[in-house]
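Everything on this sheet refers to the single structure shown next.
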Amino acid sequence: MKNKLYFNKLASFLERALIDTPPFFKKLRLIGLVAVTIGTTILMAPIAVPAALTTIAGYVLLGGTVLTAISQVTINEE
């Protein structure tokens, strides 16, 4: 019984991810992807980067990832 409930929740999540996203959340998703790109670029820089900048880049990367994920599964209920 528990496995079936888990599968239904997973199927519901996958359906939400495939439905068209509203325009506002498409813009937020793009902003999140840009933040992920900036954070990754700073973290993977081939030069020595100060520890504070590395920490900030990690937080930017995390925030961008969460923003992108939440924006992707937001749907219009009309």
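Here, A, B, ... name the chains of the structure tokens in the order displayed, residue numbers run from 1 inside each chain, and ligands are numbered from 1 in the same displayed order.
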
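Every protein or nucleic acid residue with an atom no more than 9 Å from region 50-57 of chain A, counting only C-alpha atoms and leaving out same-chain residues fewer than 4 positions away, appears here: Val36, Ile38, Gly39, Thr40, Thr41, Ile42, Leu43, Leu61 and Leu62 of chain A.
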
*Got a sec: who's within 12 Å of region 14-31 of chain A, counting only C-alpha atoms, leaving out chain neighbours fewer than 3 positions off, as a list in words?*
Phe7, Asn8, Lys9, Leu10, Ala11, Val34, Ala35, Val36, Thr37, Ile38, Val60, Leu61, Gly63, Gly64, Thr65, Val66, Leu67, Thr68, Ala69, Ile70, Ser71, Gln72, Val73, Thr74, Ile75, Asn76, Glu77 and Glu78 of chain A
